[in-house]
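Below is upload-v6.tsv, which holds TSV, C-alpha atoms.
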chain	number	residue	atom	x	y	z
C	1	MET	CA	13.60	-29.23	21.78
C	2	ARG	CA	15.01	-26.56	24.11
C	3	VAL	CA	14.78	-23.08	22.62
C	4	GLY	CA	16.43	-19.97	24.01
C	5	LEU	CA	14.31	-16.87	23.36
C	6	PHE	CA	16.51	-13.94	22.27
C	7	ILE	CA	14.59	-10.66	22.53
C	8	PRO	CA	16.11	-7.42	21.10
C	9	CYS	CA	16.47	-4.37	23.36
C	10	TYR	CA	13.89	-2.21	21.59
C	11	VAL	CA	11.32	-5.02	21.68
C	12	ASP	CA	11.94	-5.54	25.39
C	13	GLN	CA	11.65	-1.82	26.14
C	14	PHE	CA	8.96	-0.61	23.73
C	15	TYR	CA	7.07	-3.61	22.33
C	16	PRO	CA	7.10	-6.36	24.99
C	17	GLN	CA	3.91	-7.84	23.52
C	18	ILE	CA	6.00	-9.12	20.61
C	19	GLY	CA	8.20	-11.12	22.96
C	20	VAL	CA	5.09	-12.56	24.59
C	21	ALA	CA	3.56	-13.42	21.19
C	22	THR	CA	6.80	-15.15	20.12
C	23	LEU	CA	6.90	-17.17	23.33
C	24	GLU	CA	3.26	-18.22	23.05
C	25	LEU	CA	3.61	-19.14	19.38
C	26	LEU	CA	6.68	-21.31	19.95
C	27	GLU	CA	5.02	-23.06	22.88
C	28	LYS	CA	1.90	-23.73	20.80
C	29	LEU	CA	4.17	-25.43	18.28
C	30	GLY	CA	5.65	-27.73	20.90
C	31	CYS	CA	8.89	-26.00	21.84
C	32	GLU	CA	10.28	-25.90	25.37
C	33	VAL	CA	11.10	-22.19	25.54
C	34	HIS	CA	13.45	-20.51	28.02
C	35	PHE	CA	14.08	-16.78	28.42
C	36	PRO	CA	17.51	-16.05	29.95
C	37	LEU	CA	16.81	-13.14	32.30
C	38	ASN	CA	20.34	-11.72	32.17
C	39	GLN	CA	20.34	-11.05	28.42
C	40	THR	CA	20.96	-7.49	27.29
C	41	CYS	CA	22.02	-5.84	24.01
C	42	CYS	CA	23.66	-8.14	21.46
C	43	GLY	CA	26.07	-5.35	20.46
C	44	GLN	CA	24.65	-4.58	17.03
C	45	PRO	CA	24.26	-0.77	17.52
C	46	MET	CA	27.93	-0.43	18.48
C	47	ALA	CA	29.12	-2.66	15.66
C	48	ASN	CA	27.03	-0.80	13.08
C	49	SER	CA	28.51	2.48	14.29
C	50	GLY	CA	32.09	1.30	13.79
C	51	PHE	CA	32.80	0.23	17.37
C	52	GLU	CA	32.69	-3.55	17.08
C	53	HIS	CA	35.91	-3.70	19.10
C	54	LEU	CA	33.88	-2.56	22.11
C	55	THR	CA	31.31	-5.38	21.91
C	56	GLY	CA	33.40	-7.98	23.74
C	57	GLY	CA	31.27	-7.75	26.87
C	58	CYS	CA	28.09	-8.21	24.84
C	59	ASN	CA	29.54	-11.29	23.15
C	60	SER	CA	30.65	-12.85	26.44
C	61	LEU	CA	27.27	-12.27	28.03
C	62	PHE	CA	25.45	-13.67	25.01
C	63	ILE	CA	27.48	-16.89	25.21
C	64	ASP	CA	26.83	-17.11	28.96
C	65	ASN	CA	23.09	-16.78	28.37
C	66	PHE	CA	22.57	-18.94	25.31
C	67	GLU	CA	25.10	-21.79	25.32
C	68	GLY	CA	23.46	-25.17	25.77
C	69	PHE	CA	20.22	-24.53	23.88
C	70	ASP	CA	19.27	-26.63	20.87
C	71	TYR	CA	18.20	-23.45	19.07
C	72	ILE	CA	18.14	-19.72	19.75
C	73	VAL	CA	15.17	-17.88	18.21
C	74	CYS	CA	14.79	-14.13	17.75
C	75	PRO	CA	11.88	-12.06	16.34
C	76	SER	CA	14.32	-9.73	14.55
C	77	GLY	CA	16.30	-10.30	11.38
C	78	SER	CA	18.92	-7.64	12.03
C	79	CYS	CA	19.82	-8.86	15.52
C	80	THR	CA	19.87	-12.47	14.32
C	81	LEU	CA	22.19	-11.59	11.45
C	82	HIS	CA	24.51	-9.73	13.80
C	83	ILE	CA	24.93	-12.80	16.01
C	84	LYS	CA	25.31	-15.12	13.01
C	85	GLU	CA	28.12	-13.02	11.57
C	86	HIS	CA	29.76	-11.25	14.50
C	87	LEU	CA	29.59	-13.38	17.66
C	88	HIS	CA	33.17	-14.19	18.63
C	89	GLU	CA	35.18	-14.71	21.79
C	90	GLU	CA	38.81	-15.70	21.66
C	91	LYS	CA	38.75	-17.93	24.75
C	92	ARG	CA	35.44	-19.61	23.84
C	93	GLU	CA	35.43	-19.49	20.05
C	94	GLU	CA	34.14	-23.05	19.73
C	95	LYS	CA	31.07	-22.18	21.82
C	96	ALA	CA	30.60	-18.96	19.87
C	97	SER	CA	30.74	-20.90	16.61
C	98	THR	CA	28.13	-23.37	17.85
C	99	ILE	CA	25.79	-20.54	18.85
C	100	ARG	CA	26.22	-18.80	15.48
C	101	LYS	CA	24.96	-21.97	13.79
C	102	ARG	CA	22.02	-22.37	16.15
C	103	VAL	CA	20.53	-18.86	16.07
C	104	TYR	CA	17.48	-18.34	13.86
C	105	GLU	CA	15.13	-15.50	12.99
C	106	LEU	CA	11.56	-16.45	13.92
C	107	THR	CA	10.08	-17.04	10.44
C	108	GLU	CA	13.25	-18.85	9.37
C	109	PHE	CA	12.92	-21.15	12.37
C	110	LEU	CA	9.24	-21.84	11.72
C	111	THR	CA	9.74	-22.71	8.04
C	112	ASP	CA	13.18	-24.35	8.04
C	113	VAL	CA	13.34	-26.12	11.40
C	114	LEU	CA	9.75	-26.71	12.54
C	115	LYS	CA	8.52	-26.87	8.92
C	116	VAL	CA	5.17	-25.37	9.88
C	117	GLU	CA	2.47	-25.98	7.26
C	118	ASN	CA	-0.75	-25.42	9.20
C	119	LEU	CA	-1.03	-22.50	11.60
C	120	GLU	CA	-4.08	-22.18	13.81
C	121	ALA	CA	-4.17	-18.41	13.38
C	122	ASN	CA	-6.91	-16.05	12.29
C	123	PHE	CA	-6.47	-12.39	11.34
C	124	PRO	CA	-9.37	-10.96	9.28
C	125	HIS	CA	-7.62	-7.88	7.93
C	126	ARG	CA	-5.98	-6.50	4.79
C	127	VAL	CA	-2.22	-6.64	5.34
C	128	GLY	CA	0.92	-5.44	3.56
C	129	LEU	CA	4.27	-7.15	4.23
C	130	HIS	CA	7.38	-5.03	4.66
C	131	GLN	CA	10.42	-7.18	3.88
C	132	SER	CA	13.35	-5.78	5.87
C	133	CYS	CA	16.79	-5.61	4.28
C	134	HIS	CA	18.69	-7.65	6.88
C	135	GLY	CA	16.21	-10.51	6.63
C	136	GLN	CA	16.06	-10.51	2.86
C	137	ARG	CA	19.63	-9.81	1.84
C	138	GLY	CA	21.44	-11.14	4.88
C	139	LEU	CA	19.40	-14.11	6.07
C	140	LYS	CA	17.87	-14.88	2.64
C	141	LEU	CA	14.32	-14.98	4.00
C	142	ALA	CA	12.95	-13.91	0.61
C	143	GLN	CA	14.12	-13.60	-2.98
C	144	MET	CA	15.38	-10.23	-4.17
C	145	SER	CA	13.34	-8.75	-7.02
C	146	GLU	CA	16.41	-7.70	-9.02
C	147	LEU	CA	17.50	-11.33	-9.41
C	148	ASN	CA	16.26	-13.48	-12.27
C	149	ALA	CA	15.44	-16.36	-9.96
C	150	PRO	CA	12.35	-18.16	-8.66
C	151	PHE	CA	10.38	-16.19	-6.09
C	152	PHE	CA	10.16	-17.33	-2.48
C	153	SER	CA	9.30	-15.65	0.79
C	154	LYS	CA	9.33	-17.39	4.16
C	155	PRO	CA	7.23	-14.68	5.85
C	156	GLU	CA	4.66	-14.84	3.03
C	157	GLN	CA	4.63	-18.63	3.25
C	158	LEU	CA	3.53	-18.33	6.88
C	159	LEU	CA	1.11	-15.43	6.40
C	160	LYS	CA	-0.73	-17.36	3.71
C	161	GLN	CA	-1.55	-19.99	6.34
C	162	VAL	CA	-3.42	-17.41	8.45
C	163	LYS	CA	-7.17	-17.71	8.03
C	164	GLN	CA	-9.07	-14.68	6.63
C	165	LEU	CA	-5.87	-12.64	6.16
C	166	ASP	CA	-5.86	-10.67	2.90
C	167	LEU	CA	-2.19	-10.29	1.91
C	168	VAL	CA	-1.76	-7.57	-0.70
C	169	SER	CA	0.86	-7.44	-3.44
C	170	LEU	CA	2.92	-4.26	-3.20
C	171	SER	CA	4.32	-2.33	-6.15
C	172	ARG	CA	7.89	-2.37	-4.73
C	173	LYS	CA	7.82	-5.25	-2.31
C	174	ASP	CA	11.48	-5.34	-1.26
C	175	GLU	CA	12.40	-1.67	-1.08
C	176	CYS	CA	14.22	-0.35	2.01
C	177	CYS	CA	12.13	1.68	4.47
C	178	GLY	CA	15.05	3.95	5.35
C	179	PHE	CA	15.44	2.96	9.00
C	180	GLY	CA	18.87	1.34	8.84
C	181	GLY	CA	19.61	1.65	12.56
C	182	THR	CA	21.96	4.59	12.96
C	183	PHE	CA	21.22	5.67	9.36
C	184	CYS	CA	17.91	7.19	10.49
C	185	VAL	CA	19.90	9.37	12.92
C	186	THR	CA	22.81	10.40	10.69
C	187	GLU	CA	20.70	10.80	7.52
C	188	GLU	CA	17.36	11.79	8.99
C	189	ALA	CA	15.87	13.56	5.95
C	190	ILE	CA	16.69	10.74	3.51
C	191	SER	CA	15.46	8.17	6.00
C	192	VAL	CA	12.11	9.93	6.38
C	193	ARG	CA	11.56	10.26	2.61
C	194	MET	CA	12.33	6.57	2.12
C	195	GLY	CA	9.89	5.71	4.88
C	196	GLN	CA	7.21	7.91	3.34
C	197	ASP	CA	7.64	6.07	0.04
C	198	ARG	CA	7.13	2.73	1.76
C	199	VAL	CA	4.08	3.97	3.62
C	200	LYS	CA	2.54	5.31	0.39
C	201	ASP	CA	2.97	1.96	-1.34
C	202	HIS	CA	0.97	0.29	1.44
C	203	GLU	CA	-1.63	3.06	1.62
C	204	ASP	CA	-2.16	2.90	-2.15
C	205	LYS	CA	-3.17	-0.74	-1.65
C	206	ASN	CA	-5.63	0.20	1.12
C	207	VAL	CA	-4.02	-1.96	3.78
C	208	GLU	CA	-5.19	-1.91	7.38
C	209	PHE	CA	-1.88	-3.18	8.78
C	210	ILE	CA	1.78	-3.21	7.78
C	211	THR	CA	3.60	-6.24	9.14
C	212	GLY	CA	7.17	-7.50	9.06
C	213	GLY	CA	9.81	-9.42	10.96
C	214	ASP	CA	11.80	-6.44	12.24
C	215	MET	CA	10.03	-4.17	14.70
C	216	SER	CA	12.80	-1.60	14.23
C	217	CYS	CA	11.66	-1.00	10.64
C	218	LEU	CA	8.02	-1.08	11.69
C	219	MET	CA	8.78	1.42	14.47
C	220	HIS	CA	10.20	3.79	11.86
C	221	LEU	CA	7.13	3.38	9.66
C	222	GLU	CA	4.85	3.74	12.67
C	223	GLY	CA	6.34	7.14	13.45
C	224	ILE	CA	5.66	8.32	9.89
C	225	LEU	CA	2.12	6.94	9.95
C	226	ARG	CA	1.37	8.75	13.20
C	227	ARG	CA	2.74	12.06	11.96
C	228	GLN	CA	0.60	11.74	8.84
C	229	GLN	CA	-2.37	10.79	11.02
C	230	SER	CA	-2.85	7.68	8.93
C	231	PRO	CA	-5.33	5.01	10.08
C	232	VAL	CA	-2.88	2.29	9.00
C	233	LYS	CA	-1.30	0.40	11.90
C	234	VAL	CA	1.86	-1.69	12.24
C	235	ILE	CA	1.97	-5.17	13.73
C	236	HIS	CA	4.84	-7.64	14.07
C	237	ILE	CA	4.43	-10.91	12.20
C	238	ALA	CA	4.67	-12.86	15.47
C	239	GLU	CA	1.49	-11.17	16.68
C	240	ILE	CA	-0.37	-12.18	13.52
C	241	LEU	CA	0.88	-15.77	13.55
C	242	ASN	CA	-0.16	-16.03	17.20
C	243	SER	CA	-3.55	-14.40	16.68
C	244	THR	CA	-6.96	-15.97	17.20
C	245	VAL	CA	-10.47	-14.62	16.84
C	246	LYS	CA	-11.72	-13.30	20.18
Taking this structure as input, can you express it in the form of structure tokens?
Amino acid sequence: MRVGLFIPCYVDQFYPQIGVATLELLEKLGCEVHFPLNQTCCGQPMANSGFEHLTGGCNSLFIDNFEGFDYIVCPSGSCTLHIKEHLHEEKREEKASTIRKRVYELTEFLTDVLKVENLEANFPHRVGLHQSCHGQRGLKLAQMSELNAPFFSKPEQLLKQVKQLDLVSLSRKDECCGFGGTFCVTEEAISVRMGQDRVKDHEDKNVEFITGGDMSCLMHLEGILRRQQSPVKVIHIAEILNSTVK
């Protein structure tokens, strides 16, 4: 199984350890992982700001980098959803369509494709899970609380396989953190208050770590935690799933 590793810009620039953890985790699970060195931004920031017509170069480069892989895996729900819904190129639409069907968010890939049921991971800490909007409502990684439907959560399914991890139940488990990409720039005050609400929910449950599948959301929460001088830390789910006792 040849897997192309798709790493978002902000992970590459600010949190490279998440890319490393994703690579190591996939290799532990038997995947042949490749990291195309020429990959850059997928175009999501421009598209979200109303300039999708300017993302043609991003789309072309993405196809150049990722055509030919059995699967493309990304440790970010928002970037994955962007490719699934917006990757197009008029002259290579068939290739773009194939890639759209082969791109997976990390936890989605682990549960739906690899069907992981026994992770050799150990993380002896009290953890709260932040379920990001793109993953939940776009990729359907977890059930939405407002629906009268059976509960499921692919990230929780994996975290419950981690030895010694104490996963807490939040009061409002699928509420937006307020990041929203450009929303946190254009609506800064609202974004901060929403983030403070999410942080409080975790702090009320005495968590040591807040985890999730989108480092962009966790980055937003991390900024609030630091300003409040909170001892709570953020950690991407890939780092937990790849963790071992040292």
Subject >> C:Ile99, C:Cys41, C:Cys184, C:Gln157 ranked by distance to Met219 in chain C, top pick (using all atoms listed in the file) >> reply: C:Cys184
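With all atoms listed in the file as the atoms that count, the minimum distance from Lys91 in chain C to the choices C:Asn59, C:Phe179, C:Ser78, C:Ala189 is reached by C:Asn59.
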Original post:
Taking into account all atoms listed in the file, which residue in the set C:Leu87, C:Cys217, C:Cys177, C:Cys74 is nearest to Leu26 in chain C?
Top reply: C:Cys74
**OP:** Would you please work out which residue, of C:Glu175, C:Pro124, C:Lys163, C:Gln228, is nearest to Gln136 in chain C when using all atoms listed in the file?
**Re:**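 Selected residue with least distance to Gln136 in chain C: C:Glu175.
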Original post:
For the point (1.5, 4.2, 12.3) in file coordinates, what residues are within 10 Å, counting all atoms listed in the file? Give the answer as JSON, numbers by chain?
Top reply: {"C": [199, 209, 210, 218, 219, 220, 221, 222, 223, 224, 225, 226, 227, 228, 229, 230, 231, 232, 233, 234, 235]}
**OP:** Compare C:Gly178, C:Gly195, C:Gly128, C:Pro45 by their minimum atom-to-atom distance to Leu165 in chain C, counting all atoms listed in the file, and give me the closest one.
**Re:** C:Gly128
Around all the atoms of range 75-90 of chain C listed in the file, draw an axis-aligned box and extend it by 3 Å on each of the six sides; I want its centre and edge lengths in Å to one decimal, as JSON.
{"center_x": 25.3, "center_y": -11.7, "center_z": 16.6, "size_x": 32.9, "size_y": 14.1, "size_z": 16.4}
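Our summary of the geometry notes that CA of Ala142 in chain C is positioned 24.4 Å from CA of Gly4 in chain C.
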Original post:
Pick the closest to Tyr15 in chain C from C:Ser191, C:Asn206, C:Ser216, C:Gln161: which is it, counting all atoms listed in the file?
Top reply: C:Ser216
